[in-house]
Amino acid sequence: MLKVENLSAAYGGIKAVKNVSLEVKEGEVVSVLGANGAGKTTLLKCICSAMKKSGGNVFFNGKKMPEKPHDVAKMGVVLVPEGRLIFTNLTVYENLMAGAYLCNDKKEVQDNLERVYNLFPILRERKNQFGGHLSGGEQQMLAIARALMARPKLIMMDEPSLGLAPKIVSHIFEIIEKVKSEGTPILLVEQNAYKALSISDRAYIMNVGEIVKEGVPEELLKDRSLIEAYLGS
Amino acid sequence: MFIQQLANGISVGGIYALMATGYALIYSLLGFSNWAHGEVAMIGAYIAIISVLNAKFPLPIAIIIGIIIAGVFSFINEKIAYKRIRDNKSPTMFLMIAAMGLSTTYQNAATNIFGAKFKIFPGLFAVAFHIGKITIGSLDLISLIVSLVSLVVLDITINHTKVGLGIRSVASNSYTASLMGINVDRYISLVFLVAGMYAGCAGILLGMKYTVYPTMGNVALKAFISSVLGGLGSVRGAIIGALVIGIMETMVTAYLSSGLRDLFTFMLLVIILLVKPSGLMGVHVEEKA
């Protein structure tokens with residue numbers, strides 16, 4: 001459903017992403033792995049048009065991706081941005097409602113809210129607190145929940161485990177698996193390679209802007225030298 | 001006497017609030033002080049007075065024309081000046097400098113086009129209403145009602161509607177808002193339009209209360225102080241700040257001397273910046289993580 005063809009992007013003269021092609025099919029969880037500076041975040045930003053690409057094309061369900069990020073969201077592609085970026089001075093409830101911005105059916109929004117509260121009971125407890133007053137893990141849950149409120153056709157997550165304690169990371173990955181089991185395809189960008197591979201159907205490994213390897217997790221995990229070279233042990 | 005002055009103060013404060021709220025909204029979205037906001041009020045006042053004096057429109061029609069033109073004017077300002085700066089991802093300081101440039105340009109343009117003379121709205125019916133012990137002039141009563149109704153409508157819209165949630169999301173983080181499908185540019189345009197209309201309304205009310213002249217937009221400084229007093233970027237804070245300043249000014253004028261009026265206003269600004277820089281209603285949510 002998502003097809004990226006020869007995508008390139010640059011900051012000034014520095015090329016951050018070079019000729020990257022990848023694909024996410026119906027119901028799949030696909031990871032893009034790599035160290036800092038591999039160009040993973042830039043890749044996601046280009047896919048959702050938050051950043052201008054210098055070359056290549058992005059197609060979603062056969063259609064070319066629109067050029068404004070809000071139009072990309074209208075197509076059903078939602079990004080959970082790096083660093084959560086929740087609305088700190090809005091309440092948890094308001095954050096979720098902002099996520100459901102494109103949905104005009106009140107009944108559907110209510111059902112969705114119920115579903116999201118069941119996935120993240122802590123958010124129901126904290127619904128009237130300011131987003132900025134949540135802990136890091138709760139903010140990450142809120143960011144994912146907010147994206148789910150949009151009923152996305154494809155959800156992209158940028159480093160959901162960043163800066164979180166191991167126990168919280170495990171919890172976040174459990175939730176990602178739940179989202180997967182509901183059938184929503186996920187494009188996941190992670191540094192935490194083992195965790196990401198454990199829930200992925202396929203993965204791409206990126207290094208300095210290029211995809212160096214593609215495969216299924218079992219295959220990638222067998223190749224010790226690859227893991228050590230690009231992902232750290 | 002005291003209640004009387006209080007009523008006058010609220011009336012003046014209401015007018016300041018009409019400007020201060022637009023000012024606060026623009027600050028909350030783009031993070032800069034729109035120094036051309038006062039000139040929008042001035043344009044609104046001029047359009048209305050010319051519609052009455054030269055085009056011979058009835059006063060209510062002239063007022064509506066003035067308000068609409070002020071809104072459109074503010075909207076166009078954003079499109080021709082601020083939007084380009086935003087699109088180039090330049091520092092917000094550039095926005096403020098551009099606004100200062102626009103402010104000076106419009107003041108001088110107005111002097112050239114309309115002349116530097118004071119203009120007076122003709123034939124204002126001056127009836128005094130007596131409510132209990134208070135005597136309030138018809139004009140003050142009208143400004144009081146108009147500003148309070150507009151402010152309540154604005155407050156409800158911002159805090160309890162989907163459009164309001166959109167505006168607050170953009171103000172909180174425009175990048176994330178766009179990821180949620182919120183059209184950031186459209187909301188910014190909307191805010192400039194509405195802020196312009198409110199400023200135009202304030203300009204016309206001030207013009208009717210006093211006179212219309214090219215530098216009357218300098219009153220926006222009071223709106224700025226109101227906004228800082230209430231907490232920069234907070235709409236409710238701007239309303240409260242404006243009422244505080246309006247009441248204080250009338251009280252100082254009534255009990256001390258009109259010459260001390262601005263001294264007190266600016267002193268209040270300094271004190272608030274020293275004691276509570278986030279303002280009376282400033283909700284600064286610290287990020288935990």
# chains A, B, ... in the order shown; residues from 1 in each chain; ligands from 1
>>> residues_around(residues="Val270 of chain B", least_positions_apart="5", cutoff="12 Å", atoms="only C-alpha atoms", output="PDB file with N, CA, C and O atoms, in the first residue's frame")
ATOM      1  N   ILE B 225       0.475  45.651  26.494  1.00  0.00           N
ATOM      2  CA  ILE B 225       0.682  45.571  27.941  1.00  0.00           C
ATOM      3  C   ILE B 225      -0.385  44.682  28.582  1.00  0.00           C
ATOM      4  O   ILE B 225      -0.081  43.852  29.439  1.00  0.00           O
ATOM      5  N   VAL B 228       0.605  41.129  27.996  1.00  0.00           N
ATOM      6  CA  VAL B 228       1.725  40.706  28.844  1.00  0.00           C
ATOM      7  C   VAL B 228       1.243  40.521  30.280  1.00  0.00           C
ATOM      8  O   VAL B 228       1.566  39.553  30.954  1.00  0.00           O
ATOM      9  N   LEU B 229       0.406  41.466  30.714  1.00  0.00           N
ATOM     10  CA  LEU B 229      -0.133  41.417  32.070  1.00  0.00           C
ATOM     11  C   LEU B 229      -0.912  40.127  32.290  1.00  0.00           C
ATOM     12  O   LEU B 229      -0.788  39.457  33.312  1.00  0.00           O
ATOM     13  N   LEU B 263       1.891  56.581  33.287  1.00  0.00           N
ATOM     14  CA  LEU B 263       2.942  56.225  34.245  1.00  0.00           C
ATOM     15  C   LEU B 263       2.535  54.975  35.013  1.00  0.00           C
ATOM     16  O   LEU B 263       3.295  54.030  35.144  1.00  0.00           O
ATOM     17  N   PHE B 264       1.281  54.970  35.478  1.00  0.00           N
ATOM     18  CA  PHE B 264       0.788  53.815  36.233  1.00  0.00           C
ATOM     19  C   PHE B 264       0.735  52.565  35.357  1.00  0.00           C
ATOM     20  O   PHE B 264       1.088  51.468  35.795  1.00  0.00           O
ATOM     21  N   THR B 265       0.282  52.748  34.132  1.00  0.00           N
ATOM     22  CA  THR B 265       0.164  51.597  33.231  1.00  0.00           C
ATOM     23  C   THR B 265       1.516  50.924  33.019  1.00  0.00           C
ATOM     24  O   THR B 265       1.648  49.705  33.124  1.00  0.00           O
ATOM     25  N   VAL B 275       7.678  40.517  39.039  1.00  0.00           N
ATOM     26  CA  VAL B 275       7.096  39.627  40.042  1.00  0.00           C
ATOM     27  C   VAL B 275       6.569  38.329  39.437  1.00  0.00           C
ATOM     28  O   VAL B 275       6.806  37.242  39.950  1.00  0.00           O
ATOM     29  N   LYS B 276       5.839  38.437  38.333  1.00  0.00           N
ATOM     30  CA  LYS B 276       5.263  37.229  37.736  1.00  0.00           C
ATOM     31  C   LYS B 276       5.339  37.340  36.207  1.00  0.00           C
ATOM     32  O   LYS B 276       4.358  37.678  35.541  1.00  0.00           O
ATOM     33  N   PRO B 277       6.530  37.056  35.668  1.00  0.00           N
ATOM     34  CA  PRO B 277       6.755  37.289  34.235  1.00  0.00           C
ATOM     35  C   PRO B 277       5.807  36.487  33.338  1.00  0.00           C
ATOM     36  O   PRO B 277       5.578  36.859  32.198  1.00  0.00           O
ATOM     37  N   GLY B 279       2.749  36.330  33.680  1.00  0.00           N
ATOM     38  CA  GLY B 279       1.467  37.019  33.609  1.00  0.00           C
ATOM     39  C   GLY B 279       0.446  36.429  34.565  1.00  0.00           C
ATOM     40  O   GLY B 279       0.655  35.384  35.154  1.00  0.00           O
TER      41      GLY B 279
END
>>> select_by_dssp(residues="segment 121-189 of chain A", states="strand (DSSP E)", output="list in words")
Leu154, Ile155, Met156, Met157, Asp158, Ile186, Leu187, Leu188 and Val189 of chain A
>>> write_last_selection(atoms="all heavy atoms", output="short mmCIF file (atom, residue, chain, number, x, y, z; two decimals), in the first residue's frame")
data_model
loop_
_atom_site.label_atom_id
_atom_site.label_comp_id
_atom_site.auth_asym_id
_atom_site.auth_seq_id
_atom_site.Cartn_x
_atom_site.Cartn_y
_atom_site.Cartn_z
N LEU A 154 -2.42 3.77 7.62
CA LEU A 154 -1.03 3.40 7.84
C LEU A 154 -0.49 4.30 8.95
O LEU A 154 -0.70 5.51 8.93
CB LEU A 154 -0.19 3.60 6.56
CG LEU A 154 1.33 3.49 6.74
CD1 LEU A 154 1.76 2.04 6.90
CD2 LEU A 154 2.07 4.11 5.57
N ILE A 155 0.17 3.67 9.92
CA ILE A 155 0.71 4.48 11.00
C ILE A 155 2.24 4.37 10.95
O ILE A 155 2.79 3.29 10.76
CB ILE A 155 0.09 4.05 12.35
CG1 ILE A 155 0.54 4.94 13.50
CG2 ILE A 155 0.37 2.62 12.70
CD1 ILE A 155 -0.37 4.80 14.72
N MET A 156 2.89 5.52 11.05
CA MET A 156 4.35 5.53 11.03
C MET A 156 4.82 5.98 12.41
O MET A 156 4.31 6.95 12.96
CB MET A 156 4.88 6.49 9.98
CG MET A 156 4.37 6.16 8.58
SD MET A 156 5.32 6.98 7.30
CE MET A 156 4.75 8.65 7.45
N MET A 157 5.78 5.26 12.98
CA MET A 157 6.27 5.63 14.31
C MET A 157 7.76 5.89 14.27
O MET A 157 8.52 5.07 13.77
CB MET A 157 5.99 4.51 15.31
CG MET A 157 4.53 4.21 15.47
SD MET A 157 4.27 3.10 16.85
CE MET A 157 2.59 2.59 16.53
N ASP A 158 8.14 7.04 14.80
CA ASP A 158 9.55 7.43 14.78
C ASP A 158 10.14 7.26 16.19
O ASP A 158 9.80 8.03 17.08
CB ASP A 158 9.67 8.87 14.29
CG ASP A 158 11.11 9.20 13.90
OD1 ASP A 158 12.00 8.37 14.17
OD2 ASP A 158 11.31 10.28 13.33
N ILE A 186 2.10 -0.87 9.96
CA ILE A 186 2.97 0.05 10.68
C ILE A 186 4.32 0.14 10.00
O ILE A 186 4.90 -0.88 9.63
CB ILE A 186 3.18 -0.43 12.15
CG1 ILE A 186 1.83 -0.57 12.88
CG2 ILE A 186 4.09 0.53 12.91
CD1 ILE A 186 1.93 -1.26 14.22
N LEU A 187 4.80 1.36 9.84
CA LEU A 187 6.18 1.56 9.41
C LEU A 187 6.91 2.10 10.63
O LEU A 187 6.64 3.20 11.10
CB LEU A 187 6.25 2.55 8.25
CG LEU A 187 7.65 2.86 7.72
CD1 LEU A 187 8.34 1.60 7.21
CD2 LEU A 187 7.59 3.89 6.59
N LEU A 188 7.82 1.30 11.14
CA LEU A 188 8.46 1.60 12.42
C LEU A 188 9.93 1.94 12.22
O LEU A 188 10.66 1.19 11.58
CB LEU A 188 8.32 0.37 13.33
CG LEU A 188 8.96 0.40 14.70
CD1 LEU A 188 8.26 1.40 15.60
CD2 LEU A 188 8.88 -0.99 15.34
N VAL A 189 10.33 3.07 12.78
CA VAL A 189 11.73 3.45 12.73
C VAL A 189 12.30 3.29 14.13
O VAL A 189 11.71 3.76 15.09
CB VAL A 189 11.88 4.90 12.24
CG1 VAL A 189 13.15 5.52 12.75
CG2 VAL A 189 11.85 4.96 10.73
#
>>> closest_atom_pairs(of="chain A", to="chain B", cutoff="7 Å", atoms="only C-alpha atoms", output="tab-separated table")
residue	atom	partner	partner_atom	distance
A:Pro69	CA	B:Ser178	CA	5.7
A:His70	CA	B:Gly181	CA	3.8
A:Asp71	CA	B:Gly181	CA	6.4
A:Ala73	CA	B:Gly181	CA	4.8
A:Lys74	CA	B:Gly181	CA	5.9
A:Val78	CA	B:Leu179	CA	6.4
A:Leu79	CA	B:Leu179	CA	6.4
A:Leu85	CA	B:Thr176	CA	6.6
A:Phe87	CA	B:Ser172	CA	5.5
A:Thr88	CA	B:Val285	CA	6.6
A:Asn89	CA	B:Val285	CA	5.8
A:Ala98	CA	B:Leu165	CA	6.8
A:Gly99	CA	B:Met180	CA	5.5
A:Tyr101	CA	B:Met180	CA	6.8
A:Leu102	CA	B:Gly181	CA	6.3
A:Gly132	CA	B:Glu287	CA	4.7
A:His133	CA	B:Lys288	CA	6.0
A:Leu134	CA	B:Lys288	CA	6.8
A:Ser135	CA	B:Lys288	CA	6.3
A:Gly136	CA	B:Ala289	CA	5.1
>>> residues_around(residues="Val52 of chain B", least_positions_apart="2", cutoff="9 Å", atoms="only C-alpha atoms", output="number ranges by chain")
B: 47-50, 54-59, 61-63, 121-122
>>> select_by_dssp(residues="segment 5-252 of chain B", states="helix (DSSP H, G or I)", output="ChimeraX atom specification")
/B:5-30,37-53,59-87,92-114,138-160,162-172,174-179,184-209,216-230,235-252
>>> closest_residue(among="B:Ser28, B:Thr157, B:Thr215, B:Ser189", to="Thr111 of chain B", atoms="only C-alpha atoms")
B:Thr215
>>> atom_distance(atom1="atom CA of Glu28 of chain A", atom2="atom CA of Pro185 of chain A")
4.9 Å
>>> residues_around(residues="segment 3-11 of chain A", least_positions_apart="4", cutoff="9 Å", atoms="only C-alpha atoms", output="CSV table (one decimal) with all heavy atoms, in the first residue's frame")
chain,number,residue,atom,x,y,z
A,15,LYS,N,23.4,15.4,1.7
A,15,LYS,CA,22.4,14.4,1.4
A,15,LYS,C,22.2,13.5,2.6
A,15,LYS,O,23.1,12.9,3.1
A,15,LYS,CB,22.8,13.6,0.2
A,15,LYS,CG,22.7,14.3,-1.1
A,15,LYS,CD,22.9,13.3,-2.3
A,15,LYS,CE,22.6,14.1,-3.6
A,15,LYS,NZ,23.0,13.3,-4.7
A,16,ALA,N,20.9,13.5,3.1
A,16,ALA,CA,20.6,12.7,4.3
A,16,ALA,C,20.0,11.4,3.9
A,16,ALA,O,20.1,10.4,4.6
A,16,ALA,CB,19.6,13.5,5.2
A,17,VAL,N,19.3,11.4,2.7
A,17,VAL,CA,18.7,10.2,2.2
A,17,VAL,C,19.0,10.0,0.8
A,17,VAL,O,18.8,11.0,0.0
A,17,VAL,CB,17.1,10.2,2.4
A,17,VAL,CG1,16.5,9.0,1.8
A,17,VAL,CG2,16.8,10.2,3.9
A,18,LYS,N,19.5,8.9,0.4
A,18,LYS,CA,19.9,8.7,-1.0
A,18,LYS,C,19.2,7.5,-1.7
A,18,LYS,O,19.4,6.4,-1.3
A,18,LYS,CB,21.5,8.4,-1.1
A,18,LYS,CG,22.3,9.6,-0.5
A,18,LYS,CD,23.7,9.1,-0.3
A,18,LYS,CE,24.4,9.8,0.8
A,18,LYS,NZ,25.6,9.1,1.3
A,19,ASN,N,18.4,7.8,-2.7
A,19,ASN,CA,17.8,6.8,-3.5
A,19,ASN,C,17.2,5.6,-2.7
A,19,ASN,O,17.4,4.4,-3.0
A,19,ASN,CB,18.8,6.2,-4.4
A,19,ASN,CG,19.0,7.0,-5.7
A,19,ASN,OD1,18.0,7.6,-6.1
A,19,ASN,ND2,20.2,7.2,-6.1
A,20,VAL,N,16.4,5.9,-1.7
A,20,VAL,CA,15.8,4.9,-0.9
A,20,VAL,C,14.5,4.4,-1.5
A,20,VAL,O,13.6,5.2,-1.9
A,20,VAL,CB,15.5,5.4,0.5
A,20,VAL,CG1,14.6,4.4,1.3
A,20,VAL,CG2,16.9,5.5,1.3
A,21,SER,N,14.3,3.1,-1.6
A,21,SER,CA,13.1,2.5,-2.1
A,21,SER,C,12.6,1.5,-1.0
A,21,SER,O,13.4,0.7,-0.6
A,21,SER,CB,13.3,1.8,-3.4
A,21,SER,OG,13.7,2.7,-4.4
A,22,LEU,N,11.4,1.6,-0.7
A,22,LEU,CA,10.9,0.6,0.2
A,22,LEU,C,9.4,0.4,0.0
A,22,LEU,O,8.7,1.2,-0.6
A,22,LEU,CB,11.2,0.9,1.7
A,22,LEU,CG,10.8,2.1,2.4
A,22,LEU,CD1,9.3,2.0,2.8
A,22,LEU,CD2,11.7,2.4,3.6
A,23,GLU,N,8.8,-0.6,0.7
A,23,GLU,CA,7.4,-0.9,0.5
A,23,GLU,C,6.8,-1.4,1.8
A,23,GLU,O,7.5,-2.1,2.6
A,23,GLU,CB,7.3,-2.0,-0.6
A,23,GLU,CG,5.9,-2.0,-1.2
A,23,GLU,CD,5.9,-3.1,-2.3
A,23,GLU,OE1,6.9,-3.7,-2.7
A,23,GLU,OE2,4.7,-3.4,-2.7
A,24,VAL,N,5.6,-1.0,2.1
A,24,VAL,CA,4.8,-1.6,3.2
A,24,VAL,C,3.5,-2.2,2.6
A,24,VAL,O,2.8,-1.5,1.9
A,24,VAL,CB,4.5,-0.6,4.2
A,24,VAL,CG1,3.7,-1.2,5.4
A,24,VAL,CG2,5.7,0.1,4.8
A,25,LYS,N,3.3,-3.4,2.8
A,25,LYS,CA,2.1,-4.1,2.3
A,25,LYS,C,1.0,-4.1,3.3
A,25,LYS,O,1.2,-3.9,4.5
A,25,LYS,CB,2.4,-5.5,1.8
A,25,LYS,CG,3.4,-5.5,0.6
A,25,LYS,CD,3.5,-6.9,0.0
A,25,LYS,CE,4.7,-7.0,-0.9
A,25,LYS,NZ,5.9,-7.7,-0.3
A,42,THR,N,14.5,11.6,8.6
A,42,THR,CA,14.3,12.3,7.4
A,42,THR,C,13.4,11.6,6.4
A,42,THR,O,12.5,12.1,5.8
A,42,THR,CB,15.7,12.6,6.8
A,42,THR,OG1,16.5,13.1,7.8
A,42,THR,CG2,15.6,13.6,5.6
A,43,LEU,N,13.6,10.3,6.3
A,43,LEU,CA,12.8,9.4,5.4
A,43,LEU,C,11.4,9.5,5.8
A,43,LEU,O,10.5,9.8,4.9
A,43,LEU,CB,13.3,8.0,5.6
A,43,LEU,CG,12.5,6.9,4.8
A,43,LEU,CD1,12.7,7.1,3.3
A,43,LEU,CD2,13.0,5.5,5.2
A,46,CYS,N,9.9,12.9,4.9
A,46,CYS,CA,9.6,13.0,3.5
A,46,CYS,C,8.4,12.2,3.0
A,46,CYS,O,7.6,12.7,2.2
A,46,CYS,CB,10.8,12.5,2.7
A,46,CYS,SG,12.2,13.6,2.8
A,47,ILE,N,8.2,11.1,3.6
A,47,ILE,CA,7.0,10.3,3.3
A,47,ILE,C,5.7,11.0,3.6
A,47,ILE,O,4.8,11.1,2.8
A,47,ILE,CB,7.0,8.9,4.0
A,47,ILE,CG1,8.2,8.0,3.4
A,47,ILE,CG2,5.7,8.2,3.8
A,47,ILE,CD1,8.3,6.7,4.1
A,51,MET,N,8.7,17.3,5.0
A,51,MET,CA,10.0,17.8,4.5
A,51,MET,C,10.0,17.6,3.0
A,51,MET,O,9.4,16.6,2.5
A,51,MET,CB,11.1,17.1,5.2
A,51,MET,CG,12.5,17.7,4.9
A,51,MET,SD,13.8,16.7,5.6
A,51,MET,CE,15.1,17.0,4.5
A,52,LYS,N,10.6,18.6,2.3
A,52,LYS,CA,10.6,18.5,0.8
A,52,LYS,C,11.7,17.4,0.4
A,52,LYS,O,12.8,17.5,0.9
A,52,LYS,CB,11.0,19.8,0.3
A,52,LYS,CG,9.9,20.4,-0.6
A,52,LYS,CD,10.4,21.6,-1.4
A,52,LYS,CE,9.7,21.8,-2.7
A,52,LYS,NZ,8.6,22.8,-2.6
A,53,LYS,N,11.3,16.6,-0.5
A,53,LYS,CA,12.3,15.6,-0.9
A,53,LYS,C,13.0,16.2,-2.2
A,53,LYS,O,12.4,17.0,-2.9
A,53,LYS,CB,11.7,14.2,-1.2
A,53,LYS,CG,10.4,14.3,-2.1
A,53,LYS,CD,9.7,12.9,-2.1
A,53,LYS,CE,8.5,12.9,-3.0
A,53,LYS,NZ,7.4,13.6,-2.4
A,54,SER,N,14.2,15.8,-2.4
A,54,SER,CA,14.9,16.3,-3.6
A,54,SER,C,14.8,15.4,-4.8
A,54,SER,O,15.2,15.8,-5.9
A,54,SER,CB,16.4,16.6,-3.2
A,54,SER,OG,17.0,15.4,-2.7
A,55,GLY,N,14.3,14.2,-4.6
A,55,GLY,CA,14.1,13.3,-5.7
A,55,GLY,C,13.3,12.1,-5.3
A,55,GLY,O,13.1,11.8,-4.1
A,56,GLY,N,12.7,11.4,-6.3
A,56,GLY,CA,11.9,10.2,-6.0
A,56,GLY,C,10.5,10.5,-5.8
A,56,GLY,O,10.0,11.6,-5.8
A,57,ASN,N,9.7,9.4,-5.6
A,57,ASN,CA,8.3,9.4,-5.5
A,57,ASN,C,7.8,8.6,-4.3
A,57,ASN,O,8.4,7.6,-4.0
A,57,ASN,CB,7.6,8.9,-6.7
A,57,ASN,CG,7.7,10.0,-7.8
A,57,ASN,OD1,7.3,11.1,-7.6
A,57,ASN,ND2,8.2,9.6,-9.0
A,58,VAL,N,6.7,9.0,-3.7
A,58,VAL,CA,6.0,8.2,-2.7
A,58,VAL,C,4.6,8.0,-3.2
A,58,VAL,O,3.9,8.9,-3.6
A,58,VAL,CB,6.0,9.0,-1.4
A,58,VAL,CG1,5.3,8.1,-0.3
A,58,VAL,CG2,7.4,9.3,-0.9
A,59,PHE,N,4.2,6.7,-3.2
A,59,PHE,CA,2.8,6.4,-3.6
A,59,PHE,C,2.1,5.7,-2.4
A,59,PHE,O,2.7,4.9,-1.7
A,59,PHE,CB,2.8,5.4,-4.8
A,59,PHE,CG,3.4,6.0,-6.0
A,59,PHE,CD1,4.7,5.8,-6.3
A,59,PHE,CD2,2.6,6.8,-6.8
A,59,PHE,CE1,5.3,6.4,-7.4
A,59,PHE,CE2,3.2,7.4,-8.0
A,59,PHE,CZ,4.5,7.1,-8.3
A,60,PHE,N,0.8,6.1,-2.3
A,60,PHE,CA,0.0,5.4,-1.2
A,60,PHE,C,-1.3,4.9,-1.9
A,60,PHE,O,-2.0,5.6,-2.5
A,60,PHE,CB,-0.4,6.4,-0.1
A,60,PHE,CG,-1.1,5.7,1.0
A,60,PHE,CD1,-0.4,4.8,1.8
A,60,PHE,CD2,-2.4,6.0,1.3
A,60,PHE,CE1,-1.0,4.1,2.9
A,60,PHE,CE2,-3.0,5.4,2.4
A,60,PHE,CZ,-2.4,4.4,3.1
A,61,ASN,N,-1.4,3.6,-1.9
A,61,ASN,CA,-2.5,2.9,-2.6
A,61,ASN,C,-2.6,3.3,-4.1
A,61,ASN,O,-3.6,3.6,-4.6
A,61,ASN,CB,-3.9,3.2,-1.9
A,61,ASN,CG,-4.0,2.4,-0.6
A,61,ASN,OD1,-3.4,1.4,-0.5
A,61,ASN,ND2,-4.8,2.9,0.3
A,62,GLY,N,-1.4,3.4,-4.7
A,62,GLY,CA,-1.3,3.7,-6.1
A,62,GLY,C,-1.4,5.2,-6.4
A,62,GLY,O,-1.1,5.6,-7.5
A,209,GLY,N,22.2,7.2,5.0
A,209,GLY,CA,21.3,7.6,4.0
A,209,GLY,C,20.9,6.5,3.0
A,209,GLY,O,20.0,6.8,2.1
